[in-house]
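Report on the following structure.
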Amino acid sequence: MTKNDFILISPEVQHALNHNLPIVALESTIISHGMPWPKNAITAKEVEEVVRQNGAVPATIAIRDGKCLVGLTEGDIDFFAQNKEVWKVSLRDMPYVIAKQLPGATTVAATMRIASMVGIKIFATGGIGGVHRGAEDTMDISADLTEMATTNVAIVAAGVKSILDIGLTLEYLETLGIPVLTYGQDEFPSFYSSKSGFQSPLRLDTPQAIAQMLNAKWCLGLNGSVLIANPVPVAYEMDSTEIEKQILKALNEANIHGIKGKAVTPFLLKFIADNTQGESLEANIALIKNNAKVAATIAVALNK
C-alpha cells in the first residue's frame with residue numbers, strides 16, 4: 001500500500017488540485033471538540049462558505065473509516081459535530097486511529113501534515129497550540145509547534161490560544177526558526193483579544209505581501225510554516241484583563257479535576273464559554289470566520 005491508499009479527496013478539492021486553484025485547509029477538531037452542537041456544524045459550514053466567497057476552495061480535513069478525508073460533505077460535518085466518540089487526533093494518534101478505522105478530528109499538527117501530503121499550502125484555524133502554562137514542570141508543549149518547523153503549510157490564526165503561555169510560545173517558535181508575523185498591527189494578538197502585551201516579531205499589511213514572503217521562503221528551500229497572526233475583529237474582541245481572570249479560574253478547575261493532556265484545551269474553552277455567558281464562544285466563531293477570509297485572500301494571492 002502507498003500513502004495515497006489512506007487519503008480520500010472530495011471531488012471539489014480534487015478539481016481544485018487538478019486545475020491549480022487556491023485552496024484553504026480547515027481543521028476538524030473545532031467541530032468535534034471546540035463547540036457544542038449545533039453551533040459547531042453551523043459554524044463549520046459557514047466557515048467553508050466564507051472561503052468560497054473569497055475566491056478559494058475549502059478543504060476541511062478529518063479521519064474516518066481508515067482514510068484521511070480532504071474535503072467533507074455536509075453529512076460528514078454533521079457526523080463529526082454530533083458523534084461523541086470522535087478522537088482528537090494529533091500526529092502520534094494518526095496511525096492508530098487510521099489502522100483501527102476510528103473517527104478522528106484532526107488538530108493543527110495533523111491537519112497540516114495531511115494538507116501537505118496533497119499539496120495544500122494555506123490553512124486557517126482558530127488559534128494554534130503552544131507552550132502550556134507551567135510547562136517548565138509538565139513539559140506540556142503542543143506538537144503543533146514541532147510540526148510547524150518542518151511542514152510547508154502557512155497557518156492563519158488569531159495568535160496562540162490565550163490559555164497558553166504566549167511569551168514562551170513565541171520564544172519556542174523563534175528557536176524553531178518559524179517566522180511569526182501579525183497582519184495589520186504591531187502587537188501580537190491573544191486569540192480573544194487583539195492585545196497580548198507582546199510585540200509581534202514581524203508585520204505585513206496585505207495578502208500580496210504575505211504571499212510574496214511565503215513564496216520567497218519556500219523557493220529558498222527554507223522548510224516549515226509561517227504563523228500569520230490575524231487579530232479578532234474589534235466588534236467581538238474581549239477585554240484581555242477579564243479573559244485572563246476566566247483563564248486562571250479555568251486552569252484551577254482543570255487542576256482540581258485532574259484534567260491533563262489533550263483533554264485540557266477543550267475543558268478550558270468550555271469552562272470559559274460557560275463563564276462568559278457565551279461571549280467567548282461568539283468571539284471564537286467570529287475570529288475563525290475572519291481567519292478563513294484572510295487565508296482565502298492569501299491563497300488567491302499565492303496562486304497568482
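How things are named: the first chain in the C-alpha cells is A, the next is B, and so on; residues count from 1 in each chain; ligands count from 1 in the order shown.
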
Once DSSP has gone over the backbone, tell me which residues of range 38-239 of chain A are in strand (DSSP E), as number ranges by chain. A: 57-64, 67-70, 87-89, 104-106, 122-124, 154-157, 180-183, 202-204, 227-229

Return as number ranges by chain the full set of residues in range 70-220 of chain A whose backbone-based DSSP assignment is alpha helix (DSSP H). A: 74-82, 94-99, 108-118, 135-138, 143-148, 166-175, 207-219

Output file for the selection above: C-alpha atoms, as a PDB file, in the first residue's frame:
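And here's out_36.pdb as it stands now:
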```pdb
ATOM      1  CA  GLU A  74     -22.366  18.365   4.856  1.00  0.00           C
ATOM      2  CA  GLY A  75     -23.228  14.887   6.149  1.00  0.00           C
ATOM      3  CA  ASP A  76     -19.617  14.373   7.238  1.00  0.00           C
ATOM      4  CA  ILE A  77     -19.664  17.680   9.107  1.00  0.00           C
ATOM      5  CA  ASP A  78     -22.886  16.712  10.911  1.00  0.00           C
ATOM      6  CA  PHE A  79     -21.345  13.344  11.826  1.00  0.00           C
ATOM      7  CA  PHE A  80     -18.241  14.904  13.363  1.00  0.00           C
ATOM      8  CA  ALA A  81     -20.359  17.557  15.080  1.00  0.00           C
ATOM      9  CA  GLN A  82     -22.663  15.074  16.832  1.00  0.00           C
ATOM     10  CA  MET A  94      -2.861   9.214  13.323  1.00  0.00           C
ATOM     11  CA  PRO A  95      -1.573   5.702  12.529  1.00  0.00           C
ATOM     12  CA  TYR A  96      -3.563   4.124  15.384  1.00  0.00           C
ATOM     13  CA  VAL A  97      -6.830   5.870  14.502  1.00  0.00           C
ATOM     14  CA  ILE A  98      -6.414   5.101  10.794  1.00  0.00           C
ATOM     15  CA  ALA A  99      -5.442   1.442  11.350  1.00  0.00           C
ATOM     16  CA  VAL A 108      -3.470  21.759  13.807  1.00  0.00           C
ATOM     17  CA  ALA A 109      -0.469  19.407  13.547  1.00  0.00           C
ATOM     18  CA  ALA A 110      -2.387  16.538  11.934  1.00  0.00           C
ATOM     19  CA  THR A 111      -4.322  18.854   9.612  1.00  0.00           C
ATOM     20  CA  MET A 112      -1.074  20.478   8.453  1.00  0.00           C
ATOM     21  CA  ARG A 113       0.542  17.132   7.716  1.00  0.00           C
ATOM     22  CA  ILE A 114      -2.417  15.837   5.706  1.00  0.00           C
ATOM     23  CA  ALA A 115      -2.756  19.148   3.821  1.00  0.00           C
ATOM     24  CA  SER A 116       0.938  18.973   2.951  1.00  0.00           C
ATOM     25  CA  MET A 117       0.554  15.413   1.662  1.00  0.00           C
ATOM     26  CA  VAL A 118      -1.861  16.578  -1.043  1.00  0.00           C
ATOM     27  CA  ALA A 135       5.444  23.762  31.034  1.00  0.00           C
ATOM     28  CA  GLU A 136       8.693  24.174  32.968  1.00  0.00           C
ATOM     29  CA  ASP A 137       7.270  21.474  35.277  1.00  0.00           C
ATOM     30  CA  THR A 138       4.984  19.483  32.953  1.00  0.00           C
ATOM     31  CA  ALA A 143       3.025  19.054  18.700  1.00  0.00           C
ATOM     32  CA  ASP A 144       1.666  21.932  16.594  1.00  0.00           C
ATOM     33  CA  LEU A 145       4.955  23.770  17.110  1.00  0.00           C
ATOM     34  CA  THR A 146       7.332  20.985  16.099  1.00  0.00           C
ATOM     35  CA  GLU A 147       5.163  20.192  13.077  1.00  0.00           C
ATOM     36  CA  MET A 148       5.328  23.840  12.032  1.00  0.00           C
ATOM     37  CA  ILE A 166       2.186  33.273  24.856  1.00  0.00           C
ATOM     38  CA  GLY A 167       5.672  34.571  25.705  1.00  0.00           C
ATOM     39  CA  LEU A 168       7.236  31.113  25.920  1.00  0.00           C
ATOM     40  CA  THR A 169       5.421  30.021  22.770  1.00  0.00           C
ATOM     41  CA  LEU A 170       6.864  32.953  20.826  1.00  0.00           C
ATOM     42  CA  GLU A 171      10.333  32.117  22.174  1.00  0.00           C
ATOM     43  CA  TYR A 172       9.931  28.477  21.128  1.00  0.00           C
ATOM     44  CA  LEU A 173       8.737  29.455  17.646  1.00  0.00           C
ATOM     45  CA  GLU A 174      11.875  31.589  17.294  1.00  0.00           C
ATOM     46  CA  THR A 175      14.057  28.676  18.385  1.00  0.00           C
ATOM     47  CA  PRO A 207      -2.312  39.357   1.409  1.00  0.00           C
ATOM     48  CA  GLN A 208       0.003  40.059  -1.536  1.00  0.00           C
ATOM     49  CA  ALA A 209       2.924  40.921   0.757  1.00  0.00           C
ATOM     50  CA  ILE A 210       2.330  37.754   2.766  1.00  0.00           C
ATOM     51  CA  ALA A 211       2.159  35.652  -0.411  1.00  0.00           C
ATOM     52  CA  GLN A 212       5.470  37.164  -1.581  1.00  0.00           C
ATOM     53  CA  MET A 213       7.086  36.241   1.741  1.00  0.00           C
ATOM     54  CA  LEU A 214       5.773  32.654   1.582  1.00  0.00           C
ATOM     55  CA  ASN A 215       6.994  32.304  -1.983  1.00  0.00           C
ATOM     56  CA  ALA A 216      10.463  33.603  -1.045  1.00  0.00           C
ATOM     57  CA  LYS A 217      10.715  31.279   1.963  1.00  0.00           C
ATOM     58  CA  TRP A 218       9.758  28.096   0.173  1.00  0.00           C
ATOM     59  CA  CYS A 219      11.611  28.862  -3.076  1.00  0.00           C
TER      60      CYS A 219
END
```

Mind pulling up the distance from CA of Ala124 in chain A to CA of Gly177 in chain A?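 These atoms are spaced 20.5 Å apart.
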
Spatial neighbours of Gly197 in chain A, max dist 12 Å, only C-alpha atoms, sep filter under 2 positions, as a list in words: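 Skipping anything fewer than 2 positions along the chain leaves Ser162, Ile166, Gly167, Asp186, Glu187, Phe188, Pro189, Ser190, Ser193, Ser194, Lys195, Gln199, Ser200, Ser240 and Thr241 of chain A.
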
Using only C-alpha atoms, which residues sit within 8 Å of Ala149 in chain A once same-chain residues fewer than 6 positions away are excluded, as JSON, numbers by chain? {"A": [176, 177, 178, 223, 224, 225]}

Nearest to Ala250 in chain A among A:Leu202, A:Leu164, A:Ala301, A:Ile42, with distances taken over only C-alpha atoms: which residue is it?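 Selected residue with least distance to Ala250 in chain A: A:Leu164.
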
Go through A:Leu181, A:Ile256, A:Met1, A:Ala299 and flag the residue nearest Pro58 in chain A, using only C-alpha atoms for the distances.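 Checking each of A:Leu181, A:Ile256, A:Met1, A:Ala299 against Pro58 in chain A, counting only C-alpha atoms, the winner is A:Ala299.
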
Give me, as a tab-separated table, each residue of range 166-276 of chain A that comes within 10 Å of range 19-33 of chain A, together with its shortest interatomic pair and the distance in Å at one decimal, counting only C-alpha atoms, with rows ordered by chain and rising residue number.
```
residue	atom	partner	partner_atom	distance
A:Ala263	CA	A:His33	CA	9.2
A:Thr265	CA	A:His33	CA	8.9
A:Pro266	CA	A:His33	CA	5.9
A:Phe267	CA	A:His33	CA	9.1
A:Leu269	CA	A:His33	CA	9.4
A:Lys270	CA	A:His33	CA	9.4
```

Output N, CA, C and O atoms for every residue in that selection, as a compact mmCIF listing (two decimals), in the first residue's frame.
```txt
# COMPACT_ATOMS: atom_id res chain seq x y z
N ALA A 263 -7.03 16.58 26.75
CA ALA A 263 -8.35 16.96 27.27
C ALA A 263 -8.35 18.37 27.84
O ALA A 263 -9.42 18.95 28.07
N THR A 265 -7.34 21.49 26.64
CA THR A 265 -7.84 22.62 25.84
C THR A 265 -9.35 22.62 25.69
O THR A 265 -10.00 23.65 25.94
N PRO A 266 -10.00 21.49 25.31
CA PRO A 266 -11.47 21.50 25.24
C PRO A 266 -12.12 21.85 26.57
O PRO A 266 -13.12 22.59 26.61
N PHE A 267 -11.56 21.37 27.67
CA PHE A 267 -12.10 21.66 29.00
C PHE A 267 -12.04 23.16 29.29
O PHE A 267 -13.02 23.78 29.74
N LEU A 269 -11.70 25.73 27.17
CA LEU A 269 -12.54 26.52 26.27
C LEU A 269 -14.01 26.46 26.68
O LEU A 269 -14.72 27.48 26.66
N LYS A 270 -14.46 25.26 27.08
CA LYS A 270 -15.86 25.12 27.51
C LYS A 270 -16.10 25.88 28.82
O LYS A 270 -17.12 26.56 28.98
```

Residues within 9 Å of Gly126 in chain A, only C-alpha atoms, excluding chain neighbours under 4 positions, as a compact mmCIF listing (two decimals) with C-alpha atoms, in the first residue's frame:
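Written file, result_32.txt:
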```txt
# COMPACT_ATOMS: atom_id res chain seq x y z
CA ILE A 30 -13.03 22.67 16.26
CA VAL A 156 -3.65 31.87 9.61
CA ALA A 157 -4.75 32.00 13.27
CA ALA A 158 -5.83 34.58 15.85
CA GLY A 159 -2.46 34.08 17.51
CA VAL A 160 -1.74 31.49 20.18
CA LYS A 161 -4.65 30.30 22.30
CA PHE A 191 -6.98 34.86 20.48
CA ASN A 284 -14.30 32.24 18.77
CA ILE A 285 -16.77 31.94 15.88
CA LEU A 287 -12.28 35.04 14.66
CA ILE A 288 -12.44 31.70 12.83
CA LYS A 289 -14.53 33.23 10.05
CA ASN A 291 -9.16 33.85 9.65
```

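Between CA of Val13 in chain A and CA of Lys304 in chain A lies a distance of 18.3 Å.
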
Option closest in space to Ile155 in chain A, from A:Tyr183, A:Phe6, A:Phe123, A:Tyr236 [counting only C-alpha atoms]: A:Phe123
